[in-house]
Each structure stands twice: as structure tokens, then as C-alpha cells.
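Enquirer: Please find one structure pasted underneath; my questions will follow.
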Amino acid sequence: MGRGNLDLNVVQEILNKTKEEVENMHPVNILLAGKTGVGKSTLINNVFRERMAETGIGKPVTKHLRRIAKEGMPIVLYDTRGLELGHPIQTEVKQEIIEAIKKSQKEGSDKAIHLVYYCINAHSSRIEESEIAFMEELSGLLPVLVVLTQSIGQPANELKKYIENLNLPIAGVLNVMAEPYAVTDELALPQSGLKELIERTFALLPEETKEAFNNAQQVDIARKAKASRSWATKYIVTTFGIGFTPIPFSDATVLVPMQIGMLAHITAIFGISMDKATITSVIGAVGGTGGATYLGRYIVSNLLKLIPGAGTIVGGVISGATAAVLTTALAMSYIEVLTVVAKGEKDGKYPDLSNIETLMREKMQERLKMGTKDQDVKEVLDNLKKSSPLKKWLKK
């Protein structure tokens with residue numbers, strides 16, 4: 001598939017708008033408490049994309065509190081250190097943490113720490129009285145999730161049950177195995193508990209921060225895809241319903257701003273590291289061979305023939321139903337491709353660009369051939385029919 005004629009301004013605009021979408025997300029801020037060596041870095045690297053504990057920039061907030069952030073990720077992590085030291089130092093560390101939380105809450109919603117992951121190594125099979133008291137104190141300020149790291153076997157389950165029976169004012173106790181654990185050269189225990197951690201976190205976070213957390217987490221790719229499908233369907237309906245009318249074929253480029261904005265928002269939801277080469281491959285699968293300056297005109301002129309019953313419209317008018325089929329197919333195909341890319345990134349196996357291009361082309365053709373039989377298109381059209389200004393011209 002030649003991409004030499006693809007307008008790279010379209011690609012760059014998608015990248016620019018994706019960056020804007022991420023920057024506009026309400027950031028989520030999470031505190032990681034626990035002794036050094038309990039596995040906080042391992043947890044971070046497996047919950048959040050791009051191995052944040054290794055590649056993020058860490059800056060000291062206080063003597064025993066470090067702020068971890070990374071450009072392009074709408075999340076800030078605060079990592080505690082020193083809780084494993086002697087009693088006098090522990091008292092100092094705890095006071096620093098409490099003061100940092102209170103200070104953040106006074107600095108506004110963007111700076112406020114929203115949640116605590118209190119990490120305890122499940123191998124220890126015990127919890128100190130000082131930790132119990134500290135968790136109670138933290139719970140008076142924020143939701144606290146106790147994460148039992150390296151949870152293996154019955155001892156981990158018993159520690160979980162013991163902490164639960166203390167009836168502390170915490171939000172929950174979770175057994176987590178952040179990375180596979182090698183038992184022998186041939187046998188390894190798989191990751192576990194991460195998806196439950198994600199679910200509990202979503203339930204506890206303020207609504208305005210959930211989009212940012214979904215962007216940053218890499219555990220539940222299906223959640224990213226579901227959010228993208230829901231958003232894309234509502235977006236198409238709203239955009240068409242507000243003022244989208246049948247358009248002449250010659251003016252098919254009016255689809256472009258909507259399509260670019262839609263693809264950018266979907267990319268932002270997934271939070272994957274889409275560079276220019278990857279975007280070019282994906283968009284090239286749709287509009288790379290027609291010498292098209294605009295994506296919208298290319299889709300209409302080259303892919304419309306795949307929609308059963310649409311016929312040829314050269315010199316004619318694009319109906320709302322046709323536009324809905326085209327735009328929905330583009331959105332849903334793009335989401336399927338990004339799902340594959342996101343899973344590859346999570347496993348450290350970034351897909352080959354030629355495979356991405358082929359997959360995008362196949363998914364688009366598959367959905368366009370289904371036309372109005374596509375379940376996602378049906379949902380869009382059913383919602384559009386409820387908009388009275390569109391009833392006169394929208395075809396089933």
C-alpha cells in the first residue's frame with residue numbers, strides 16, 4: 001500500500017489533537033505508601049503503561065516523598081520512602097506524608113491526591129501495629145486500598161483475612177501478583193489481582209479523574225475499548241444531530257474535521273504511544289493510495305462502493321445514513337486496531353507497521369460491507385432517527 005500521497009498534515013493534526021485531548025484530562029494523583037522493597041516499583045510498572053517507575057521523572061517533594069510523573073501521561077504518583085527505618089524516622093516520614101496530603105488538597109482538584117495504595121509484602125505474613133495506626137490515619141483523609149504484593153498461596157490469603165477482620169476504615173484489601181513468579185525453570189505462577197485493583201480504583205476515584213486513569217492504566221485494555229466505543233457512538237450521533245445535513249460529493253471534505261477529532265479522542269483514551277509512523281500506517285490503509293488531500297473525500301470516493309445498496313454517488317449527494325456508515329466504520333475499525341497495539345505494548349511486543357496497516361484495511365472493508373447491518377451503525381442510526389430535523393432525509 002503506497003502512502004507517498006497521503007497528506008501528512010492530516011497525520012500531524014491527529015497527533016496534535018491527541019496531545020491536546022490528554023492535556024485537557026483532569027489528572028489523577030495516587031500515593032504509594034509502604035516500606036522500601038515491598039514491590040511498589042514492580043506494581044507501578046505493571047499497572048501503568050510505559051514502565052512508569054523506570055522511565056518517569058522522579059522529583060523529591062519532601063525528604064521522604066518522591067513525585068513520579070511523565071510527559072504525556074495524565075497521572076502523578078507519590079512514592080514514600082523511610083517507613084522501614086527506626087521509630088523516630090518513621091514518625092517523621094508519616095508526618096511528612098500527612099502534611100503533603102493536606103497541602104495537596106488545598107492546592108485544588110488538579111493537585112489533590114485522590115487515593116492511597118498501601119503496599120505490604122504478603123511474604124511477611126504480618127502487619128505491624130504502627131502500620132495499622134498509619135492506615136487508620138490515612139483513611140481519615142483519603143480512600144486507602146491495601147495491596148498485598150507477591151501474594152502466593154495460603155499465607156497471603158490468611159494475611160488478607162486477618163487485615164479484613166481488623167475492621168479498619170479502609171476501602172479494601174487485595175492480593176496481587178504483579179509479575180509472573182517463577183517456581184521452577186518450567187513453571188511460573190501467572191499475574192493475578194491487577195484487574196481487581198483497577199476495578200476497585202475506578203470505583204473510588206472522583207468521576208472527573210477516571211478518563212485520565214483509564215489512559216494511564218495498561219491492565220484492562222477491554223475497558224479502554226469499551227470507553228472508546230461508547231464515546232465514538234455518542235460523538236457521531238451528537239455531531240450529526242446538531243447540524244449535519246446531506247452533503248454534495250464535491251464537499252465530502254466537511255467530514256474531515258469530525259473524523260480527525262474523533263480519531264484523536266480515541267487515541268487519547270487508549271493512551272498508547274502512537275507516533276507519526278504508526279498513525280501514517282493506519283490512516284494510509286484508509287486513504288493512502290488515492291492521492292487524496294483529505295481523508296473524508298478519499299473514504300467517500302473509494303470505499304463507498306463497498307456499502308451494499310449505496311451505489312455510485314459521483315455528482316450526487318451523500319446521505320446522512322451513508323455518512324454514518326462511513327464514520328462509524330472508521331471509528332470502530334480504529335478501536336479494534338488500537339486494541340491490538342495496546343496489547344502489544346503491554347507485552348513489550350509492538351506490532352509490525354505493515355501488519356497494522358493490513359489489519360486496519362481489513363477491518364474497514366469488513367464493516368463497510370456490512371453497511372447498516374453493522375450493530376454499531378444500527379445504534380448510531382437508531383439514535384439519529386430520534387432527532388426530528390433528520391427524520392425527513394435519513395434513510396434506514
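Naming scheme: A, B, ... for chains in displayed order of the C-alpha cells; residues 1 onward per chain; ligands 1 onward as shown.
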What's the 10 Å shell around A:Tyr118, counting only C-alpha atoms, without same-chain residues fewer than 6 positions away, as a list in words?
Expert: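 What passes the distance filter is Leu31, Leu32, Ala33, Gly34, Lys35, Lys40, Thr80, Glu131, Phe134, Met135, Leu138, Val144, Leu145, Val146, Val147, Leu148, Thr149 and Val173 of chain A.
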Enquirer: Using only C-alpha atoms, which residues sit within 10 Å of A:Asn383 once same-chain residues fewer than 2 positions away are excluded, as a list in words?
Expert: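 Listing them by chain and then by number gives Thr233, Lys234, Ile236, Val237, Thr238, Gly241, Val377, Lys378, Glu379, Val380, Leu381, Lys385, Lys386 and Ser387 of chain A.
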Enquirer: Taking all heavy atoms for each residue, export the selection above as a tab-separated table (two decimals), in the first residue's frame.
Expert:
```
chain	number	residue	atom	x	y	z
A	233	THR	N	-19.72	6.43	19.52
A	233	THR	CA	-21.13	6.35	19.13
A	233	THR	C	-21.88	7.63	19.50
A	233	THR	O	-22.60	8.21	18.68
A	233	THR	CB	-21.80	5.14	19.81
A	233	THR	OG1	-21.14	3.94	19.39
A	233	THR	CG2	-23.27	5.05	19.43
A	234	LYS	N	-21.69	8.09	20.72
A	234	LYS	CA	-22.35	9.33	21.17
A	234	LYS	C	-21.86	10.53	20.38
A	234	LYS	O	-22.62	11.43	20.04
A	234	LYS	CB	-22.11	9.54	22.66
A	234	LYS	CG	-22.79	8.50	23.54
A	234	LYS	CD	-22.41	8.69	25.00
A	234	LYS	CE	-23.02	7.60	25.88
A	234	LYS	NZ	-22.58	7.72	27.29
A	236	ILE	N	-20.65	10.63	17.26
A	236	ILE	CA	-21.18	10.63	15.89
A	236	ILE	C	-22.64	11.09	15.90
A	236	ILE	O	-23.04	11.92	15.08
A	236	ILE	CB	-21.06	9.23	15.26
A	236	ILE	CG1	-19.59	8.85	15.10
A	236	ILE	CG2	-21.76	9.18	13.90
A	236	ILE	CD1	-19.35	7.39	14.78
A	237	VAL	N	-23.43	10.57	16.82
A	237	VAL	CA	-24.84	10.95	16.92
A	237	VAL	C	-24.98	12.44	17.20
A	237	VAL	O	-25.76	13.14	16.55
A	237	VAL	CB	-25.56	10.14	18.01
A	237	VAL	CG1	-26.95	10.69	18.28
A	237	VAL	CG2	-25.64	8.67	17.60
A	238	THR	N	-24.21	12.92	18.17
A	238	THR	CA	-24.30	14.34	18.54
A	238	THR	C	-23.88	15.24	17.39
A	238	THR	O	-24.55	16.22	17.08
A	238	THR	CB	-23.41	14.62	19.77
A	238	THR	OG1	-23.84	13.81	20.85
A	238	THR	CG2	-23.50	16.08	20.17
A	241	GLY	N	-26.46	15.05	14.69
A	241	GLY	CA	-27.74	15.57	15.14
A	241	GLY	C	-27.78	17.07	15.28
A	241	GLY	O	-28.83	17.69	15.12
A	377	VAL	N	-23.36	0.64	13.67
A	377	VAL	CA	-24.04	1.58	12.77
A	377	VAL	C	-25.53	1.63	13.10
A	377	VAL	O	-26.14	2.70	13.09
A	377	VAL	CB	-23.83	1.15	11.30
A	377	VAL	CG1	-24.65	2.03	10.37
A	377	VAL	CG2	-22.35	1.24	10.92
A	378	LYS	N	-26.11	0.47	13.40
A	378	LYS	CA	-27.53	0.43	13.77
A	378	LYS	C	-27.80	1.33	14.97
A	378	LYS	O	-28.80	2.06	15.00
A	378	LYS	CB	-27.96	-1.00	14.10
A	378	LYS	CG	-28.18	-1.91	12.90
A	378	LYS	CD	-28.66	-3.28	13.37
A	378	LYS	CE	-28.93	-4.19	12.20
A	378	LYS	NZ	-29.40	-5.53	12.66
A	379	GLU	N	-26.91	1.26	15.94
A	379	GLU	CA	-27.08	2.09	17.14
A	379	GLU	C	-27.03	3.57	16.80
A	379	GLU	O	-27.83	4.37	17.28
A	379	GLU	CB	-26.01	1.75	18.18
A	379	GLU	CG	-26.19	2.49	19.50
A	379	GLU	CD	-25.19	2.08	20.55
A	379	GLU	OE1	-24.50	1.05	20.36
A	379	GLU	OE2	-25.09	2.79	21.56
A	380	VAL	N	-26.08	3.94	15.95
A	380	VAL	CA	-25.96	5.35	15.53
A	380	VAL	C	-27.22	5.78	14.78
A	380	VAL	O	-27.81	6.84	15.05
A	380	VAL	CB	-24.71	5.54	14.65
A	380	VAL	CG1	-24.75	6.92	13.98
A	380	VAL	CG2	-23.45	5.40	15.47
A	381	LEU	N	-27.67	4.97	13.82
A	381	LEU	CA	-28.83	5.34	13.01
A	381	LEU	C	-30.11	5.39	13.85
A	381	LEU	O	-30.94	6.28	13.66
A	381	LEU	CB	-28.99	4.34	11.86
A	381	LEU	CG	-27.88	4.35	10.81
A	381	LEU	CD1	-28.14	3.29	9.75
A	381	LEU	CD2	-27.74	5.71	10.16
A	385	LYS	N	-32.38	8.78	14.21
A	385	LYS	CA	-33.79	8.84	13.83
A	385	LYS	C	-34.64	9.56	14.87
A	385	LYS	O	-35.73	10.05	14.57
A	385	LYS	CB	-34.34	7.42	13.62
A	385	LYS	CG	-33.79	6.74	12.38
A	385	LYS	CD	-34.27	5.30	12.30
A	385	LYS	CE	-33.63	4.58	11.12
A	385	LYS	NZ	-34.01	3.16	11.06
A	386	LYS	N	-34.13	9.61	16.09
A	386	LYS	CA	-34.86	10.30	17.15
A	386	LYS	C	-34.71	11.82	17.05
A	386	LYS	O	-35.40	12.56	17.75
A	386	LYS	CB	-34.36	9.83	18.52
A	386	LYS	CG	-34.56	8.34	18.75
A	386	LYS	CD	-33.89	7.90	20.05
A	386	LYS	CE	-34.00	6.38	20.23
A	386	LYS	NZ	-33.30	5.92	21.45
A	387	SER	N	-33.80	12.26	16.21
A	387	SER	CA	-33.58	13.70	16.03
A	387	SER	C	-34.51	14.20	14.94
A	387	SER	O	-34.36	13.89	13.77
A	387	SER	CB	-32.12	13.96	15.65
A	387	SER	OG	-31.91	15.31	15.38
```
Enquirer: May I have all residues of stretch 49-236 of chain A that DSSP, computed from the backbone, assigns to helix (DSSP H, G or I), given as a ChimeraX atom specification?
Expert: /A:52-55,87-106,122-124,129-139,153-165,194-204,207-216,221-236
Enquirer: How far is it from atom CA of A:Tyr78 to atom CA of A:Ser125, in Å with one decimal?
Expert: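 Rounded to one decimal, the two atoms are 25.5 Å apart.
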Enquirer: Write out as a PyMOL selection string the residues lying within 12 Å of stretch 150-163 of chain A, counting only C-alpha atoms and excluding same-chain residues fewer than 4 positions away.
Expert: chain A and resi 37-40+42-43+119-129+131-132+135+145-146+167-183+188-194
Enquirer: Residues within 8 Å of A:Ala69, please, as number ranges by chain. Count only C-alpha atoms; anything in the same chain fewer than 6 positions from it doesn't count.
Expert: A: 52, 56-58, 75-77
Enquirer: I want to know what sits within 9 Å of A:Glu96, based on only C-alpha atoms, with residues of the same chain fewer than 5 positions away left out; could you give that as a list in words?
Expert: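 Listed by chain and then number, they are Thr62, Lys63, His64, Leu65, Thr91 and Ile101 of chain A.
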Enquirer: Could you tell me which of A:Asn355, A:Ser109, A:Ser333, A:Thr372 comes closest to A:Glu208 if we count only C-alpha atoms?
Expert: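 Nearest to A:Glu208: A:Ser109.
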Enquirer: Considering only C-alpha atoms, can you say which of A:Ile97, A:Val28, A:Leu142, A:Ala264 comes closest to A:Lys210?
Expert: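 Of the candidates, the smallest distance to A:Lys210 is held by A:Val28.
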Enquirer: What is the atom CA of A:Lys17-atom CA of A:Gln259 distance in Å, reported with one decimal?
Expert: 11.5 Å
Enquirer: DSSP on the backbone, then: every residue of stretch 5-231 of chain A marked strand (DSSP E), written as a ChimeraX atom specification.
Expert: /A:28-33,57-62,65-69,75-80,115-121,144-149,172-175,181-182,188-189
